[in-house]
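Peer 1: Sending over my_file00.cif (mmCIF, N, CA and C atoms).
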data_protein
loop_
_atom_site.label_atom_id
_atom_site.label_comp_id
_atom_site.auth_asym_id
_atom_site.auth_seq_id
_atom_site.Cartn_x
_atom_site.Cartn_y
_atom_site.Cartn_z
N MET Y 898 10.79 -7.06 -27.33
CA MET Y 898 10.21 -6.02 -26.49
C MET Y 898 10.30 -4.68 -27.20
N THR Y 899 9.24 -3.94 -27.06
CA THR Y 899 9.17 -2.67 -27.77
C THR Y 899 9.37 -1.51 -26.80
N ASN Y 900 9.51 -0.33 -27.40
CA ASN Y 900 9.63 0.87 -26.58
C ASN Y 900 8.37 1.11 -25.75
N LYS Y 901 7.22 0.72 -26.31
CA LYS Y 901 5.95 0.87 -25.59
C LYS Y 901 5.98 0.06 -24.30
N PHE Y 902 6.51 -1.15 -24.37
CA PHE Y 902 6.64 -2.02 -23.19
C PHE Y 902 7.54 -1.37 -22.14
N ILE Y 903 8.64 -0.81 -22.58
CA ILE Y 903 9.58 -0.18 -21.64
C ILE Y 903 8.96 1.05 -20.99
N PHE Y 904 8.31 1.89 -21.78
CA PHE Y 904 7.68 3.09 -21.23
C PHE Y 904 6.57 2.73 -20.25
N LYS Y 905 5.84 1.65 -20.55
CA LYS Y 905 4.78 1.19 -19.64
C LYS Y 905 5.38 0.77 -18.31
N ASN Y 906 6.46 0.01 -18.35
CA ASN Y 906 7.10 -0.44 -17.11
C ASN Y 906 7.73 0.72 -16.35
N ILE Y 907 8.28 1.68 -17.07
CA ILE Y 907 8.84 2.85 -16.39
C ILE Y 907 7.73 3.64 -15.70
N ALA Y 908 6.58 3.77 -16.36
CA ALA Y 908 5.44 4.48 -15.76
C ALA Y 908 4.97 3.75 -14.50
N ILE Y 909 4.95 2.43 -14.55
CA ILE Y 909 4.56 1.65 -13.38
C ILE Y 909 5.54 1.88 -12.24
N LEU Y 910 6.84 1.87 -12.54
CA LEU Y 910 7.86 2.09 -11.51
C LEU Y 910 7.77 3.49 -10.92
N VAL Y 911 7.52 4.48 -11.75
CA VAL Y 911 7.37 5.85 -11.25
C VAL Y 911 6.16 5.94 -10.32
N GLY Y 912 5.06 5.36 -10.74
CA GLY Y 912 3.86 5.35 -9.89
C GLY Y 912 4.09 4.61 -8.59
N MET Y 913 4.82 3.51 -8.67
CA MET Y 913 5.11 2.74 -7.45
C MET Y 913 6.08 3.47 -6.54
N THR Y 914 6.85 4.38 -7.07
CA THR Y 914 7.75 5.18 -6.25
C THR Y 914 7.00 6.33 -5.59
N ILE Y 915 6.05 6.90 -6.31
CA ILE Y 915 5.29 8.05 -5.80
C ILE Y 915 4.29 7.65 -4.72
N LEU Y 916 3.62 6.51 -4.90
CA LEU Y 916 2.56 6.10 -3.97
C LEU Y 916 3.02 6.02 -2.52
N PRO Y 917 4.14 5.36 -2.20
CA PRO Y 917 4.56 5.33 -0.79
C PRO Y 917 4.91 6.71 -0.25
N LEU Y 918 5.45 7.57 -1.11
CA LEU Y 918 5.77 8.92 -0.67
C LEU Y 918 4.51 9.71 -0.34
N VAL Y 919 3.48 9.55 -1.15
CA VAL Y 919 2.21 10.23 -0.88
C VAL Y 919 1.64 9.75 0.45
N LEU Y 920 1.64 8.43 0.68
CA LEU Y 920 1.12 7.90 1.93
C LEU Y 920 1.94 8.37 3.13
N LEU Y 921 3.23 8.53 2.93
CA LEU Y 921 4.10 9.00 4.01
C LEU Y 921 3.83 10.46 4.36
N PHE Y 922 3.55 11.27 3.34
CA PHE Y 922 3.33 12.70 3.58
C PHE Y 922 1.91 13.04 4.01
N LEU Y 923 0.97 12.13 3.80
CA LEU Y 923 -0.39 12.35 4.31
C LEU Y 923 -0.35 12.21 5.83
N PRO Y 924 -1.19 12.96 6.54
CA PRO Y 924 -1.23 12.79 8.00
C PRO Y 924 -1.74 11.39 8.35
N LYS Y 925 -1.29 10.89 9.50
CA LYS Y 925 -1.64 9.52 9.87
C LYS Y 925 -3.14 9.33 10.10
N ASP Y 926 -3.86 10.40 10.38
CA ASP Y 926 -5.30 10.29 10.60
C ASP Y 926 -6.11 10.66 9.36
N PHE Y 927 -5.49 10.66 8.20
CA PHE Y 927 -6.14 11.07 6.96
C PHE Y 927 -7.38 10.23 6.65
N PHE Y 928 -7.31 8.93 6.90
CA PHE Y 928 -8.42 8.03 6.57
C PHE Y 928 -9.36 7.79 7.75
N ASP Y 929 -9.18 8.51 8.85
CA ASP Y 929 -9.99 8.27 10.05
C ASP Y 929 -11.42 8.79 9.91
N ASN Y 930 -11.62 9.86 9.19
CA ASN Y 930 -12.94 10.48 9.08
C ASN Y 930 -13.54 10.25 7.71
N GLY Y 931 -14.82 10.44 7.61
CA GLY Y 931 -15.50 10.30 6.34
C GLY Y 931 -16.29 9.01 6.27
N PRO Y 932 -17.08 8.89 5.23
CA PRO Y 932 -17.91 7.68 5.10
C PRO Y 932 -17.06 6.47 4.73
N THR Y 933 -17.54 5.31 5.11
CA THR Y 933 -16.83 4.07 4.80
C THR Y 933 -16.99 3.74 3.32
N LEU Y 934 -15.99 3.10 2.76
CA LEU Y 934 -16.06 2.63 1.39
C LEU Y 934 -16.24 1.12 1.33
N CYS Y 935 -16.31 0.50 2.50
CA CYS Y 935 -16.43 -0.96 2.59
C CYS Y 935 -17.83 -1.39 2.17
N LEU Y 936 -17.91 -2.15 1.08
CA LEU Y 936 -19.20 -2.59 0.56
C LEU Y 936 -19.93 -3.47 1.56
N PHE Y 937 -19.21 -4.35 2.24
CA PHE Y 937 -19.82 -5.24 3.22
C PHE Y 937 -20.49 -4.43 4.33
N THR Y 938 -19.79 -3.42 4.84
CA THR Y 938 -20.34 -2.59 5.92
C THR Y 938 -21.51 -1.76 5.41
N LEU Y 939 -21.42 -1.25 4.19
CA LEU Y 939 -22.51 -0.46 3.63
C LEU Y 939 -23.78 -1.29 3.46
N VAL Y 940 -23.63 -2.55 3.06
CA VAL Y 940 -24.79 -3.40 2.81
C VAL Y 940 -25.37 -3.96 4.11
N THR Y 941 -24.49 -4.44 5.00
CA THR Y 941 -24.98 -5.13 6.20
C THR Y 941 -25.04 -4.24 7.43
N GLY Y 942 -24.28 -3.16 7.46
CA GLY Y 942 -24.23 -2.32 8.65
C GLY Y 942 -23.32 -2.88 9.73
N VAL Y 943 -22.61 -3.97 9.42
CA VAL Y 943 -21.71 -4.62 10.36
C VAL Y 943 -20.28 -4.47 9.83
N ASN Y 944 -19.33 -4.23 10.73
CA ASN Y 944 -17.94 -4.15 10.30
C ASN Y 944 -17.45 -5.49 9.78
N CYS Y 945 -16.72 -5.46 8.68
CA CYS Y 945 -16.15 -6.69 8.12
C CYS Y 945 -14.87 -7.03 8.87
N PRO Y 946 -14.31 -8.23 8.67
CA PRO Y 946 -13.08 -8.60 9.36
C PRO Y 946 -11.89 -7.71 9.02
N GLY Y 947 -11.94 -7.03 7.89
CA GLY Y 947 -10.83 -6.17 7.49
C GLY Y 947 -11.01 -4.71 7.86
N CYS Y 948 -12.15 -4.36 8.45
CA CYS Y 948 -12.39 -2.96 8.79
C CYS Y 948 -11.33 -2.46 9.76
N GLY Y 949 -10.76 -1.32 9.44
CA GLY Y 949 -9.72 -0.71 10.26
C GLY Y 949 -8.32 -1.00 9.74
N MET Y 950 -8.20 -1.86 8.74
CA MET Y 950 -6.88 -2.24 8.24
C MET Y 950 -6.17 -1.05 7.58
N THR Y 951 -6.87 -0.27 6.78
CA THR Y 951 -6.26 0.88 6.12
C THR Y 951 -5.77 1.88 7.16
N ARG Y 952 -6.61 2.15 8.15
CA ARG Y 952 -6.21 3.09 9.20
C ARG Y 952 -5.04 2.55 10.01
N ALA Y 953 -5.04 1.25 10.28
CA ALA Y 953 -3.94 0.64 11.03
C ALA Y 953 -2.64 0.70 10.23
N CYS Y 954 -2.72 0.41 8.94
CA CYS Y 954 -1.50 0.47 8.12
C CYS Y 954 -0.97 1.89 8.01
N MET Y 955 -1.86 2.87 7.92
CA MET Y 955 -1.40 4.26 7.90
C MET Y 955 -0.69 4.61 9.21
N ARG Y 956 -1.20 4.11 10.31
CA ARG Y 956 -0.54 4.35 11.60
C ARG Y 956 0.84 3.71 11.62
N MET Y 957 0.94 2.50 11.09
CA MET Y 957 2.24 1.83 11.09
C MET Y 957 3.24 2.54 10.17
N ILE Y 958 2.77 3.05 9.04
CA ILE Y 958 3.64 3.80 8.14
C ILE Y 958 4.23 5.00 8.87
N HIS Y 959 3.46 5.57 9.79
CA HIS Y 959 3.90 6.73 10.56
C HIS Y 959 4.47 6.34 11.93
N PHE Y 960 4.77 5.05 12.10
CA PHE Y 960 5.40 4.52 13.32
C PHE Y 960 4.56 4.71 14.58
N ASP Y 961 3.24 4.78 14.41
CA ASP Y 961 2.32 4.82 15.55
C ASP Y 961 1.81 3.40 15.77
N PHE Y 962 2.64 2.56 16.38
CA PHE Y 962 2.32 1.15 16.51
C PHE Y 962 1.17 0.90 17.49
N GLN Y 963 1.05 1.73 18.51
CA GLN Y 963 -0.05 1.56 19.45
C GLN Y 963 -1.38 1.86 18.76
N GLY Y 964 -1.43 2.92 17.97
CA GLY Y 964 -2.64 3.24 17.22
C GLY Y 964 -2.98 2.14 16.22
N ALA Y 965 -1.96 1.59 15.58
CA ALA Y 965 -2.20 0.50 14.63
C ALA Y 965 -2.78 -0.71 15.34
N TRP Y 966 -2.25 -1.01 16.52
CA TRP Y 966 -2.74 -2.16 17.29
C TRP Y 966 -4.21 -1.97 17.66
N LEU Y 967 -4.58 -0.75 17.99
CA LEU Y 967 -5.96 -0.48 18.38
C LEU Y 967 -6.93 -0.58 17.20
N PHE Y 968 -6.47 -0.18 16.01
CA PHE Y 968 -7.35 -0.25 14.83
C PHE Y 968 -7.49 -1.68 14.32
N HIS Y 969 -6.37 -2.41 14.19
CA HIS Y 969 -6.45 -3.77 13.67
C HIS Y 969 -5.14 -4.50 13.97
N LYS Y 970 -5.23 -5.53 14.77
CA LYS Y 970 -4.04 -6.26 15.21
C LYS Y 970 -3.35 -7.00 14.07
N ALA Y 971 -4.11 -7.42 13.07
CA ALA Y 971 -3.53 -8.17 11.95
C ALA Y 971 -2.65 -7.30 11.06
N SER Y 972 -2.70 -6.00 11.24
CA SER Y 972 -1.87 -5.11 10.41
C SER Y 972 -0.38 -5.37 10.61
N PHE Y 973 -0.01 -5.95 11.74
CA PHE Y 973 1.39 -6.25 12.01
C PHE Y 973 1.88 -7.42 11.15
N VAL Y 974 0.97 -8.17 10.57
CA VAL Y 974 1.32 -9.21 9.62
C VAL Y 974 1.07 -8.73 8.19
N VAL Y 975 -0.04 -8.03 8.00
CA VAL Y 975 -0.46 -7.63 6.66
C VAL Y 975 0.50 -6.61 6.05
N LEU Y 976 0.85 -5.55 6.76
CA LEU Y 976 1.69 -4.51 6.16
C LEU Y 976 3.08 -5.02 5.78
N PRO Y 977 3.79 -5.75 6.64
CA PRO Y 977 5.09 -6.28 6.19
C PRO Y 977 4.96 -7.21 4.98
N THR Y 978 3.88 -7.98 4.91
CA THR Y 978 3.66 -8.85 3.76
C THR Y 978 3.44 -8.02 2.50
N LEU Y 979 2.62 -6.98 2.61
CA LEU Y 979 2.38 -6.10 1.47
C LEU Y 979 3.66 -5.40 1.02
N ILE Y 980 4.47 -4.96 1.97
CA ILE Y 980 5.73 -4.31 1.63
C ILE Y 980 6.65 -5.29 0.90
N PHE Y 981 6.73 -6.52 1.37
CA PHE Y 981 7.54 -7.53 0.71
C PHE Y 981 7.07 -7.76 -0.72
N LEU Y 982 5.76 -7.94 -0.92
CA LEU Y 982 5.22 -8.17 -2.26
C LEU Y 982 5.41 -6.95 -3.16
N TYR Y 983 5.28 -5.77 -2.59
CA TYR Y 983 5.47 -4.52 -3.33
C TYR Y 983 6.89 -4.42 -3.84
N ILE Y 984 7.86 -4.68 -2.98
CA ILE Y 984 9.28 -4.61 -3.37
C ILE Y 984 9.59 -5.69 -4.40
N ARG Y 985 9.04 -6.88 -4.20
CA ARG Y 985 9.27 -7.98 -5.14
C ARG Y 985 8.76 -7.63 -6.54
N PHE Y 986 7.57 -7.06 -6.62
CA PHE Y 986 7.00 -6.65 -7.91
C PHE Y 986 7.83 -5.53 -8.53
N PHE Y 987 8.26 -4.57 -7.71
CA PHE Y 987 9.09 -3.46 -8.16
C PHE Y 987 10.39 -3.97 -8.79
N VAL Y 988 11.05 -4.90 -8.12
CA VAL Y 988 12.31 -5.47 -8.62
C VAL Y 988 12.06 -6.24 -9.91
N LEU Y 989 10.95 -6.97 -10.00
CA LEU Y 989 10.61 -7.70 -11.22
C LEU Y 989 10.47 -6.75 -12.40
N LYS Y 990 9.74 -5.66 -12.21
CA LYS Y 990 9.57 -4.67 -13.28
C LYS Y 990 10.90 -4.03 -13.64
N LEU Y 991 11.70 -3.74 -12.65
CA LEU Y 991 13.01 -3.13 -12.89
C LEU Y 991 13.89 -4.08 -13.70
N ARG Y 992 13.87 -5.35 -13.38
CA ARG Y 992 14.65 -6.34 -14.14
C ARG Y 992 14.17 -6.47 -15.58
N GLN Y 993 12.86 -6.33 -15.79
CA GLN Y 993 12.33 -6.39 -17.16
C GLN Y 993 12.86 -5.22 -17.99
N ILE Y 994 13.01 -4.07 -17.38
CA ILE Y 994 13.52 -2.91 -18.11
C ILE Y 994 15.02 -3.08 -18.38
N VAL Y 995 15.76 -3.50 -17.37
CA VAL Y 995 17.21 -3.63 -17.49
C VAL Y 995 17.56 -4.74 -18.50
N LYS Y 996 16.78 -5.81 -18.50
CA LYS Y 996 17.03 -6.94 -19.41
C LYS Y 996 16.92 -6.51 -20.86
N PHE Y 997 16.04 -5.56 -21.12
CA PHE Y 997 15.80 -5.11 -22.49
C PHE Y 997 17.04 -4.39 -22.96
#
Spell out the structure here as structure tokens.
Peer 2:
Amino acid sequence: MTNKFIFKNIAILVGMTILPLVLLFLPKDFFDNGPTLCLFTLVTGVNCPGCGMTRACMRMIHFDFQGAWLFHKASFVVLPTLIFLYIRFFVLKLRQIVKF
């Protein structure tokens, strides 16, 4: 393993540390307004099965569980799963650095 590998993993860990903080400090309604970025909705004009998930997860991050439920009920499964996978990947990268 080279220094380049270690610096790359450190950069990933720093980015992974900053991202949740940015989402936490953004207001919970940050993604509520503006045009949709969903390609399915843009092409068909119909909401896709995942529409509202980003807004629901932002509500859950800010402990607005009722708002999250109203935007997308599956967020109560999706966000904890994403958090688990996020932490697992973070620990994997951290172990790669420590092992070196």
Peer 1: Tell me which of Y:Lys996, Y:Arg952, Y:Lys970, Y:Lys990 sits closest to Ile907 in chain Y, counting only C-alpha atoms.
Peer 2: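 Of Y:Lys996, Y:Arg952, Y:Lys970, Y:Lys990, the one nearest Ile907 in chain Y is Y:Lys990, counting only C-alpha atoms.
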Peer 1: Quick one: residues within 7 Å of range 927-939 of chain Y, all atoms listed in the file counted, chain neighbours fewer than 4 positions away excluded, as a PyMOL selection string?
Peer 2: chain Y and resi 923+943-945+951-952
Peer 1: Find the residues around Gly964 in chain Y up to 6.5 Å (all atoms listed in the file counted), leave out those fewer than 6 positions away in its own chain, and share them as number ranges by chain.
Peer 2: Y: 953, 956-957
Peer 1: Counting only N, CA and C atoms, which residues have an atom no more than 8 Å from (4.9, 7.3, 14.5) in the file's coordinates? Please list them as JSON, numbers by chain.
Peer 2: {"Y": [956, 957, 958, 959, 960, 961, 962, 963]}
Peer 1: What is the atom N of Gly912 in chain Y to CA of Pro977 in chain Y distance in Å?
Peer 2: 20.5 Å
Peer 1: From range 936-972 of chain Y, collect each residue whose DSSP state is helix (DSSP H, G or I) and return the set as a ChimeraX atom specification.
Peer 2: /Y:936-941,950-958,962-968,972
Peer 1: Between CA of Leu916 in chain Y and CA of Thr978 in chain Y, what is the distance, to one decimal in Å?
Peer 2: 16.9 Å
Peer 1: Expand the PyMOL selection byres (((chain Y and resi 969 and name CA) around 9) and name CA) into the individual residues it matches in the shown file, reporting them as number ranges by chain.
Peer 2: Y: 947-954, 964-968, 970-973
Peer 1: Expressed in Å to a single decimal, how great is the separation between CA of Phe904 in chain Y and CA of Leu921 in chain Y?
Peer 2: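 Straight-line distance from CA of Phe904 in chain Y to CA of Leu921 in chain Y works out to 26.2 Å.
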Peer 1: For this structure, which residues satisfy the selection - the PyMOL selection byres ((chain Y and resi 994) around 8) - when it is evaluated on the file as given? I want them as a count of residues only.
Peer 2: 14
Peer 1: Considering only C-alpha atoms, return as a count of residues only whatever protein or nucleic-acid residues lie within 9 Å of range 982-987 of chain Y, sequence-local ones (same chain, fewer than 6 positions apart) excluded.
Peer 2: 4
